[in-house]
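J.: Mind looking over this structure? Questions follow.
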Amino acid sequence: MMTKNDVKIKPGKLFINGRWVDSVSGKTFDTLNPATEDVITSVAEGDSTDIDLAVTAAREAFENGPWEKTDARDRSRILLKIAGLIERNKDELALLDTLDNGKPINETTKADIPLVIDCFLYYAGWADKIHGETIPVRGEFFNYTLREPVGVVGQIIPWNFPLLMAAWKIAPALACGNTIVLKPAEQTPLTALRLGEICHEAGLPDGVLNIVPGYGPTAGAALAGHMDVDKIAFTGSSATGRIIMQAASKNLKRISLELGGKSPNIVFADSDIDSAVDGAMTGIFFNQGEVCCAGSRLFIEKSIHGEFVDKLSNKAASMRVGNPEDTGTQMGAQVSKEQFDKILGYIDTGKQEGAKLVTGGERCGEKGYFIRPTIFDAVDNNMKIAKEEIFGPVVSAITFDDVDEVVRQGNLSVYGLAAAIWTMDIKKAHRLARELKAGTVWINAYNAFDAASPFGGFKQSGFGRELGVHALESYTQIKSVWINLGS
Ligand code: NAI
Ligand code: MG
């Protein structure tokens, strides 16, 4: 097994124009291992000056560089090579994300990294299949469309799935022929930097992918507001999404936003209860609950409520929370002190609001940002803990006894990222899939993902879709070409 000592924790620099450079200011910041609270390494800290340099490099690579002119099939070949190199380095990448983020090695190995590889494979397949159309217009004209890259795209990603979020952004953008400036989250910059090395090794031309770690209000804001960036793609909080949308308005750059959620996970009495219990566990405790589509509002039909909560709390109480590097660990550490404090704050709020704490509700151990899997029962959909995104291992159980009422309550949220339904009644399942206002609906499943299936939000969970053929929309623009065939 790979250990910490085998991981190459370099280069802690900015990746601009195919080279590893220090930040112009010379500043660096530390990235921590949230399981031990130790510093892993320090990384060059980019700000607006470095973002300028990266955007200039990306612009040059787009306008005069080889990328857009590279035959689509050769772009595909480079994406395939990137996938292959990720596969070859998968143990190292999995461990690096585990160290930087605090998530269990079992999850980085079995979920994050395979999904990352799939994402590059999938978009490698698209690169040479992005076409325009011929259109039967009136008159003596030949009209056709070209589907062209948008240009220089800025991508700002969060810390909850560090490498996977980089892959979701980078792979489709490259497949479409764009050039990129990526800003990873300050909490978890390491795998994105390693991916920069891998892309370079795979033969991606200089300047096509630039990676500038740094903080949101400095590096992130500079990228979002940059006059020479054509599109910004963001995943993170709705609050920051709002700021980015405003910054993007300066030059009316295109935007796609994948934001928060408070997703309803609805369990009917006619479901396979044990599967639904497992689904509720995955829904809220996967990745320590730091998941935008977490099933944080658990609606349970009244007649099975007692049995369901008992089964769920027994499982939650026996979860192995601890060292993320241990293959037996089921839940690791929250990413940072800020997130840890925020979650504990919400747990206090839940108690004050009169919700019933069934299990968990406290930190786990003395060191590291570990929190016990937490279940609140007797929650009302109007309580703060049922309305706001906690982004931690805290589920709010709400009892219901009427189908229409649960749909209404499920939809009673400013968010609309995901929803799940547990039932054996096929009619009810499909009907609710239509009625729930969410970008993803799972039936008798939770957290199913595939590079081919679109992901994104309704309402304040954002707009634009990642993954699937749909992501190609947001990384291309259409040109209509007219040719006079008349005299
Ligand atoms: P955040 O949304 O502020 O951070 C995400 C990314 O945006 C990071 O790369 C950050 O540096 C960047 N950023 C921050 N401020 C920016 C600005 N003014 N301009 C441009 N970029 C900026 O999220 P944060 O503060 O790390 O977490 C706070 C809460 O956000 C979490 O507790 C959770 O509720 C939510 N969140 C949701 C995520 C999702 O996937 N939907 C992911 C991460 C956080
Ligand atoms: Mg870290």
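Labels used: A, B, ... for chains in the order of the structure tokens, numbers from 1 for residues in each chain, and numbers from 1 for ligands as shown.
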Could you give me the residues within 8 Å of ligand 1, counting only C-alpha atoms and all ligand atoms, as a compact mmCIF listing (two decimals) with all heavy atoms, in the first residue's frame?
T.:
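As written to disk, result.txt reads:
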```
# COMPACT_ATOMS: atom_id res chain seq x y z
N ILE A 156 -13.52 27.82 -11.19
CA ILE A 156 -13.28 27.96 -9.75
C ILE A 156 -13.96 26.78 -9.06
O ILE A 156 -15.17 26.58 -9.22
CB ILE A 156 -13.85 29.29 -9.22
CG1 ILE A 156 -13.17 30.47 -9.96
CG2 ILE A 156 -13.65 29.41 -7.71
CD1 ILE A 156 -13.73 31.84 -9.60
N ILE A 157 -13.19 26.01 -8.34
CA ILE A 157 -13.74 24.76 -7.80
C ILE A 157 -13.63 24.69 -6.27
O ILE A 157 -12.81 25.37 -5.68
CB ILE A 157 -13.08 23.52 -8.45
CG1 ILE A 157 -11.57 23.55 -8.28
CG2 ILE A 157 -13.46 23.45 -9.92
CD1 ILE A 157 -10.88 22.27 -8.74
N PRO A 158 -14.47 23.85 -5.67
CA PRO A 158 -14.47 23.73 -4.21
C PRO A 158 -13.55 22.61 -3.73
O PRO A 158 -12.88 21.95 -4.53
CB PRO A 158 -15.93 23.40 -3.92
CG PRO A 158 -16.33 22.55 -5.07
CD PRO A 158 -15.56 23.05 -6.26
N TRP A 159 -13.60 22.37 -2.43
CA TRP A 159 -12.65 21.46 -1.79
C TRP A 159 -13.24 20.09 -1.49
O TRP A 159 -12.57 19.23 -0.97
CB TRP A 159 -12.18 22.09 -0.47
CG TRP A 159 -13.29 22.82 0.26
CD1 TRP A 159 -13.51 24.17 0.27
CD2 TRP A 159 -14.36 22.25 1.04
NE1 TRP A 159 -14.64 24.47 1.00
CE2 TRP A 159 -15.18 23.31 1.49
CE3 TRP A 159 -14.70 20.95 1.41
CZ2 TRP A 159 -16.32 23.11 2.28
CZ3 TRP A 159 -15.83 20.75 2.19
CH2 TRP A 159 -16.62 21.83 2.61
N ASN A 160 -14.53 19.88 -1.76
CA ASN A 160 -15.14 18.63 -1.28
C ASN A 160 -14.78 17.39 -2.12
O ASN A 160 -14.70 16.29 -1.60
CB ASN A 160 -16.66 18.77 -1.10
CG ASN A 160 -17.38 19.31 -2.31
OD1 ASN A 160 -16.74 19.82 -3.24
ND2 ASN A 160 -18.69 19.19 -2.33
N LYS A 183 -8.77 27.73 -10.80
CA LYS A 183 -8.38 28.06 -9.42
C LYS A 183 -8.94 27.01 -8.46
O LYS A 183 -10.14 26.96 -8.23
CB LYS A 183 -8.88 29.44 -9.00
CG LYS A 183 -8.18 29.86 -7.69
CD LYS A 183 -8.93 30.89 -6.88
CE LYS A 183 -9.99 30.32 -5.99
NZ LYS A 183 -9.51 29.43 -4.91
N PRO A 184 -8.07 26.15 -7.95
CA PRO A 184 -8.56 25.17 -6.97
C PRO A 184 -8.89 25.86 -5.65
O PRO A 184 -8.51 27.00 -5.42
CB PRO A 184 -7.38 24.21 -6.80
CG PRO A 184 -6.18 24.88 -7.37
CD PRO A 184 -6.62 26.06 -8.19
N ALA A 185 -9.59 25.15 -4.78
CA ALA A 185 -9.91 25.70 -3.46
C ALA A 185 -8.63 25.78 -2.63
O ALA A 185 -7.77 24.91 -2.72
CB ALA A 185 -10.95 24.83 -2.77
N GLU A 186 -8.55 26.81 -1.81
CA GLU A 186 -7.34 27.03 -1.01
C GLU A 186 -7.12 25.89 0.00
O GLU A 186 -6.00 25.64 0.43
CB GLU A 186 -7.40 28.39 -0.30
CG GLU A 186 -8.61 28.63 0.60
CD GLU A 186 -9.82 29.20 -0.15
OE1 GLU A 186 -9.96 28.95 -1.37
OE2 GLU A 186 -10.64 29.89 0.51
N GLN A 187 -8.20 25.20 0.37
CA GLN A 187 -8.06 24.10 1.34
C GLN A 187 -7.43 22.85 0.71
O GLN A 187 -6.86 22.03 1.40
CB GLN A 187 -9.44 23.70 1.90
CG GLN A 187 -10.15 24.79 2.68
CD GLN A 187 -10.93 25.76 1.80
OE1 GLN A 187 -10.83 25.75 0.57
NE2 GLN A 187 -11.71 26.63 2.42
N GLY A 214 -4.99 29.87 -4.82
CA GLY A 214 -5.05 31.15 -4.11
C GLY A 214 -6.41 31.25 -3.44
O GLY A 214 -7.21 30.32 -3.52
N TYR A 215 -6.64 32.38 -2.79
CA TYR A 215 -7.89 32.57 -2.05
C TYR A 215 -9.00 33.12 -2.95
O TYR A 215 -8.74 33.70 -4.00
CB TYR A 215 -7.65 33.49 -0.87
CG TYR A 215 -6.80 32.84 0.20
CD1 TYR A 215 -5.42 33.01 0.23
CD2 TYR A 215 -7.39 32.01 1.15
CE1 TYR A 215 -4.64 32.38 1.21
CE2 TYR A 215 -6.62 31.39 2.13
CZ TYR A 215 -5.25 31.57 2.15
OH TYR A 215 -4.49 30.95 3.11
N GLY A 216 -10.22 32.94 -2.48
CA GLY A 216 -11.38 33.37 -3.25
C GLY A 216 -11.44 34.87 -3.52
O GLY A 216 -11.51 35.30 -4.67
N PRO A 217 -11.41 35.68 -2.45
CA PRO A 217 -11.57 37.13 -2.66
C PRO A 217 -10.44 37.77 -3.47
O PRO A 217 -10.58 38.89 -3.95
CB PRO A 217 -11.60 37.69 -1.23
CG PRO A 217 -12.01 36.52 -0.38
CD PRO A 217 -11.42 35.31 -1.03
N THR A 218 -9.31 37.09 -3.58
CA THR A 218 -8.20 37.65 -4.37
C THR A 218 -8.13 36.96 -5.73
O THR A 218 -8.60 37.51 -6.73
CB THR A 218 -6.87 37.51 -3.59
OG1 THR A 218 -6.74 36.15 -3.14
CG2 THR A 218 -6.83 38.45 -2.42
N ALA A 219 -7.57 35.74 -5.76
CA ALA A 219 -7.40 35.04 -7.04
C ALA A 219 -8.75 34.74 -7.70
O ALA A 219 -8.94 34.98 -8.90
CB ALA A 219 -6.61 33.75 -6.83
N GLY A 220 -9.69 34.23 -6.91
CA GLY A 220 -11.00 33.85 -7.47
C GLY A 220 -11.73 35.05 -8.04
O GLY A 220 -12.23 35.03 -9.17
N ALA A 221 -11.77 36.13 -7.25
CA ALA A 221 -12.49 37.32 -7.69
C ALA A 221 -11.84 37.91 -8.94
O ALA A 221 -12.54 38.39 -9.84
CB ALA A 221 -12.52 38.35 -6.56
N ALA A 222 -10.51 37.87 -9.00
CA ALA A 222 -9.81 38.41 -10.18
C ALA A 222 -10.19 37.63 -11.43
O ALA A 222 -10.37 38.20 -12.51
CB ALA A 222 -8.30 38.36 -9.95
N LEU A 223 -10.33 36.33 -11.28
CA LEU A 223 -10.69 35.49 -12.42
C LEU A 223 -12.14 35.74 -12.85
O LEU A 223 -12.44 35.93 -14.03
CB LEU A 223 -10.49 34.01 -12.03
CG LEU A 223 -10.57 32.96 -13.13
CD1 LEU A 223 -9.58 33.26 -14.26
CD2 LEU A 223 -10.27 31.58 -12.55
N ALA A 224 -13.02 35.82 -11.86
CA ALA A 224 -14.45 36.01 -12.16
C ALA A 224 -14.70 37.37 -12.82
O ALA A 224 -15.57 37.51 -13.67
CB ALA A 224 -15.27 35.88 -10.89
N PHE A 234 -18.30 27.72 -12.09
CA PHE A 234 -18.07 27.74 -10.64
C PHE A 234 -18.86 26.64 -9.95
O PHE A 234 -20.02 26.40 -10.27
CB PHE A 234 -18.50 29.11 -10.08
CG PHE A 234 -18.52 29.16 -8.57
CD1 PHE A 234 -17.34 29.19 -7.84
CD2 PHE A 234 -19.73 29.18 -7.87
CE1 PHE A 234 -17.35 29.23 -6.45
CE2 PHE A 234 -19.75 29.22 -6.47
CZ PHE A 234 -18.56 29.25 -5.77
N THR A 235 -18.24 26.01 -8.99
CA THR A 235 -18.95 25.13 -8.07
C THR A 235 -18.59 25.57 -6.66
O THR A 235 -17.41 25.76 -6.35
CB THR A 235 -18.55 23.65 -8.26
OG1 THR A 235 -18.87 23.26 -9.57
CG2 THR A 235 -19.28 22.76 -7.27
N GLY A 236 -19.61 25.77 -5.84
CA GLY A 236 -19.37 26.19 -4.46
C GLY A 236 -20.65 26.69 -3.83
O GLY A 236 -21.75 26.28 -4.22
N SER A 237 -20.52 27.61 -2.88
CA SER A 237 -21.69 28.06 -2.13
C SER A 237 -22.54 29.02 -2.96
O SER A 237 -22.04 29.71 -3.85
CB SER A 237 -21.24 28.77 -0.85
OG SER A 237 -20.52 29.94 -1.17
N SER A 238 -23.81 29.08 -2.63
CA SER A 238 -24.71 30.00 -3.33
C SER A 238 -24.29 31.44 -3.07
O SER A 238 -24.40 32.30 -3.95
CB SER A 238 -26.16 29.77 -2.91
OG SER A 238 -26.57 28.48 -3.33
N ALA A 239 -23.78 31.73 -1.87
CA ALA A 239 -23.35 33.10 -1.55
C ALA A 239 -22.24 33.53 -2.48
O ALA A 239 -22.28 34.63 -3.06
CB ALA A 239 -22.89 33.16 -0.09
N THR A 240 -21.24 32.68 -2.65
CA THR A 240 -20.14 33.02 -3.55
C THR A 240 -20.61 33.02 -5.00
O THR A 240 -20.16 33.84 -5.81
CB THR A 240 -18.95 32.06 -3.32
OG1 THR A 240 -18.54 32.19 -1.96
CG2 THR A 240 -17.78 32.38 -4.22
N GLY A 241 -21.54 32.15 -5.33
CA GLY A 241 -22.12 32.13 -6.69
C GLY A 241 -22.70 33.48 -7.06
O GLY A 241 -22.54 33.97 -8.18
N ILE A 243 -21.80 36.41 -5.85
CA ILE A 243 -20.70 37.38 -6.03
C ILE A 243 -20.07 37.17 -7.41
O ILE A 243 -19.76 38.13 -8.13
CB ILE A 243 -19.62 37.18 -4.93
CG1 ILE A 243 -20.22 37.51 -3.56
CG2 ILE A 243 -18.40 38.02 -5.21
CD1 ILE A 243 -19.32 37.17 -2.39
N ILE A 244 -19.92 35.91 -7.80
CA ILE A 244 -19.29 35.59 -9.08
C ILE A 244 -20.17 36.07 -10.24
O ILE A 244 -19.68 36.61 -11.23
CB ILE A 244 -18.98 34.08 -9.15
CG1 ILE A 244 -17.77 33.83 -8.26
CG2 ILE A 244 -18.74 33.61 -10.58
CD1 ILE A 244 -17.31 32.43 -8.16
N ALA A 247 -19.62 39.72 -10.59
CA ALA A 247 -18.30 40.02 -11.17
C ALA A 247 -18.30 39.70 -12.66
O ALA A 247 -17.73 40.43 -13.47
CB ALA A 247 -17.23 39.21 -10.45
N GLU A 258 -22.80 25.79 -10.16
CA GLU A 258 -23.30 24.58 -9.49
C GLU A 258 -23.16 24.86 -7.99
O GLU A 258 -22.06 24.91 -7.48
CB GLU A 258 -22.48 23.37 -9.95
CG GLU A 258 -23.19 22.06 -9.76
CD GLU A 258 -22.80 21.42 -8.47
OE1 GLU A 258 -21.81 20.70 -8.45
OE2 GLU A 258 -23.52 21.65 -7.46
N LEU A 259 -24.31 25.10 -7.34
CA LEU A 259 -24.28 25.66 -5.99
C LEU A 259 -24.81 24.69 -4.94
O LEU A 259 -24.72 23.48 -5.12
CB LEU A 259 -25.06 26.98 -6.00
CG LEU A 259 -24.60 27.96 -7.11
CD1 LEU A 259 -25.51 29.16 -7.21
CD2 LEU A 259 -23.16 28.38 -6.91
N GLY A 260 -25.34 25.24 -3.89
CA GLY A 260 -25.71 24.42 -2.74
C GLY A 260 -26.98 23.62 -2.92
O GLY A 260 -27.63 23.66 -3.96
N GLY A 261 -27.34 22.91 -1.88
CA GLY A 261 -28.56 22.11 -1.91
C GLY A 261 -29.08 21.81 -0.51
O GLY A 261 -28.39 22.03 0.49
N GLU A 290 -20.15 16.41 3.18
CA GLU A 290 -19.69 17.58 2.42
C GLU A 290 -19.98 17.34 0.94
O GLU A 290 -19.07 17.18 0.12
CB GLU A 290 -18.20 17.82 2.67
CG GLU A 290 -17.91 18.24 4.09
CD GLU A 290 -16.44 18.26 4.45
OE1 GLU A 290 -15.62 17.64 3.73
OE2 GLU A 290 -16.09 18.88 5.45
N VAL A 291 -21.25 17.27 0.65
CA VAL A 291 -21.70 16.93 -0.69
C VAL A 291 -22.84 17.90 -1.04
O VAL A 291 -23.79 18.03 -0.26
CB VAL A 291 -22.22 15.48 -0.76
CG1 VAL A 291 -22.67 15.13 -2.16
CG2 VAL A 291 -21.16 14.50 -0.29
N CYS A 292 -22.73 18.54 -2.20
CA CYS A 292 -23.75 19.54 -2.54
C CYS A 292 -25.13 18.91 -2.67
O CYS A 292 -26.14 19.55 -2.39
CB CYS A 292 -23.36 20.27 -3.82
SG CYS A 292 -22.86 19.17 -5.12
N CYS A 293 -25.18 17.63 -3.08
CA CYS A 293 -26.49 16.99 -3.28
C CYS A 293 -26.84 16.06 -2.11
O CYS A 293 -27.66 15.16 -2.24
CB CYS A 293 -26.52 16.23 -4.59
SG CYS A 293 -25.17 15.06 -4.76
N GLN A 339 -15.34 24.75 8.66
CA GLN A 339 -16.46 23.86 8.38
C GLN A 339 -16.86 23.11 9.65
O GLN A 339 -18.04 22.93 9.93
CB GLN A 339 -16.12 22.89 7.25
CG GLN A 339 -15.92 23.57 5.90
CD GLN A 339 -17.14 24.37 5.46
OE1 GLN A 339 -18.26 23.88 5.50
NE2 GLN A 339 -16.93 25.60 5.05
N LYS A 342 -18.71 25.44 11.85
CA LYS A 342 -20.02 25.74 11.26
C LYS A 342 -20.99 24.59 11.54
O LYS A 342 -22.14 24.81 11.95
CB LYS A 342 -19.85 25.95 9.74
CG LYS A 342 -21.15 26.17 9.00
CD LYS A 342 -20.94 26.29 7.48
CE LYS A 342 -22.27 26.11 6.76
NZ LYS A 342 -22.16 26.01 5.31
N GLU A 389 -28.03 24.93 4.21
CA GLU A 389 -27.06 23.88 3.88
C GLU A 389 -26.04 23.78 5.01
O GLU A 389 -25.32 24.73 5.30
CB GLU A 389 -26.35 24.22 2.56
CG GLU A 389 -25.42 23.14 2.10
CD GLU A 389 -24.82 23.41 0.73
OE1 GLU A 389 -24.24 24.49 0.54
OE2 GLU A 389 -24.93 22.54 -0.15
N ILE A 390 -25.98 22.62 5.66
CA ILE A 390 -25.05 22.43 6.77
C ILE A 390 -23.70 21.94 6.25
O ILE A 390 -22.66 22.28 6.73
CB ILE A 390 -25.64 21.45 7.82
CG1 ILE A 390 -26.94 22.04 8.40
CG2 ILE A 390 -24.64 21.15 8.92
CD1 ILE A 390 -27.69 21.14 9.37
N PHE A 391 -23.75 21.14 5.23
CA PHE A 391 -22.54 20.62 4.59
C PHE A 391 -21.70 19.81 5.57
O PHE A 391 -20.49 19.99 5.69
CB PHE A 391 -21.72 21.76 3.98
CG PHE A 391 -21.26 21.47 2.57
CD1 PHE A 391 -22.18 21.28 1.55
CD2 PHE A 391 -19.90 21.39 2.27
CE1 PHE A 391 -21.75 21.02 0.25
CE2 PHE A 391 -19.47 21.13 0.97
CZ PHE A 391 -20.41 20.95 -0.04
N GLY A 392 -22.39 18.93 6.27
CA GLY A 392 -21.72 18.07 7.23
C GLY A 392 -22.59 16.85 7.49
O GLY A 392 -23.68 16.73 6.93
N SER A 461 -29.92 26.43 -6.75
CA SER A 461 -28.80 25.49 -6.82
C SER A 461 -27.96 25.73 -8.08
O SER A 461 -26.99 25.01 -8.32
CB SER A 461 -29.29 24.05 -6.78
OG SER A 461 -29.85 23.77 -5.51
```
J.: Mind listing the residues within 10 Å of ligand 2, only C-alpha atoms and all ligand atoms counted, as an MDAnalysis selection string?
T.: chainID A and resid 30:35 37:41 96:102 159 162 185:190 335:336
J.: For Pro373 (chain A), find every residue with an atom within 7 Å (counting only C-alpha atoms), except residues of its own chain fewer than 5 positions away, and show them as a list in words.
T.: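 Within the cut-off, the hits are Phe285, Ala316, Ala317, Gly360, Pro393 and Val394 of chain A.
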J.: Could you dump the residues just selected with C-alpha atoms as a PDB file, in the first residue's frame?
T.:
```
ATOM      1  CA  PHE A 285     -22.664  10.477   5.493  1.00  0.00           C
ATOM      2  CA  ALA A 316     -24.909   5.697  12.158  1.00  0.00           C
ATOM      3  CA  ALA A 317     -23.742   5.109  15.733  1.00  0.00           C
ATOM      4  CA  GLY A 360     -24.010  11.928  17.363  1.00  0.00           C
ATOM      5  CA  PRO A 393     -22.820  14.683   8.602  1.00  0.00           C
ATOM      6  CA  VAL A 394     -26.092  15.992  10.016  1.00  0.00           C
TER       7      VAL A 394
END
```
J.: Hey, what's within 12 Å of Arg434 (chain A) if we count only C-alpha atoms and toss same-chain stuff fewer than 4 positions away? As a list in words, please?
T.: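 Skipping anything fewer than 4 positions along the chain leaves Val407, Asn411, Ala419, Ala420, Ile421, Lys427, Lys428, Ala429, His430, Ala438, Gly439, Thr440, Val441, Trp442 and Ile443 of chain A.
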J.: Keeping C-alpha atoms for every residue in the selection just given, could you write it to a file as a PDB file, in the first residue's frame?
T.:
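Below is the file that was written, part_24.pdb:
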```pdb
ATOM      1  CA  VAL A 407     -43.900  16.673  -2.475  1.00  0.00           C
ATOM      2  CA  ASN A 411     -40.084  21.411  -2.942  1.00  0.00           C
ATOM      3  CA  ALA A 419     -34.026  14.478  -4.632  1.00  0.00           C
ATOM      4  CA  ALA A 420     -34.534  10.786  -3.989  1.00  0.00           C
ATOM      5  CA  ILE A 421     -37.610   8.588  -3.636  1.00  0.00           C
ATOM      6  CA  LYS A 427     -46.349   4.894 -10.717  1.00  0.00           C
ATOM      7  CA  LYS A 428     -45.666   6.925  -7.627  1.00  0.00           C
ATOM      8  CA  ALA A 429     -41.936   6.910  -8.357  1.00  0.00           C
ATOM      9  CA  HIS A 430     -42.313   8.313 -11.872  1.00  0.00           C
ATOM     10  CA  ALA A 438     -34.539  19.142  -8.731  1.00  0.00           C
ATOM     11  CA  GLY A 439     -31.833  18.677 -11.335  1.00  0.00           C
ATOM     12  CA  THR A 440     -31.326  15.044 -10.384  1.00  0.00           C
ATOM     13  CA  VAL A 441     -33.879  12.560  -9.046  1.00  0.00           C
ATOM     14  CA  TRP A 442     -32.809   9.163  -7.808  1.00  0.00           C
ATOM     15  CA  ILE A 443     -35.330   6.362  -7.417  1.00  0.00           C
TER      16      ILE A 443
END
```
J.: From the options A:Ile130, A:Ala397, A:Met227, A:Val24, which residue's atoms come nearest to Arg254 (chain A), counting only C-alpha atoms?
T.: A:Met227
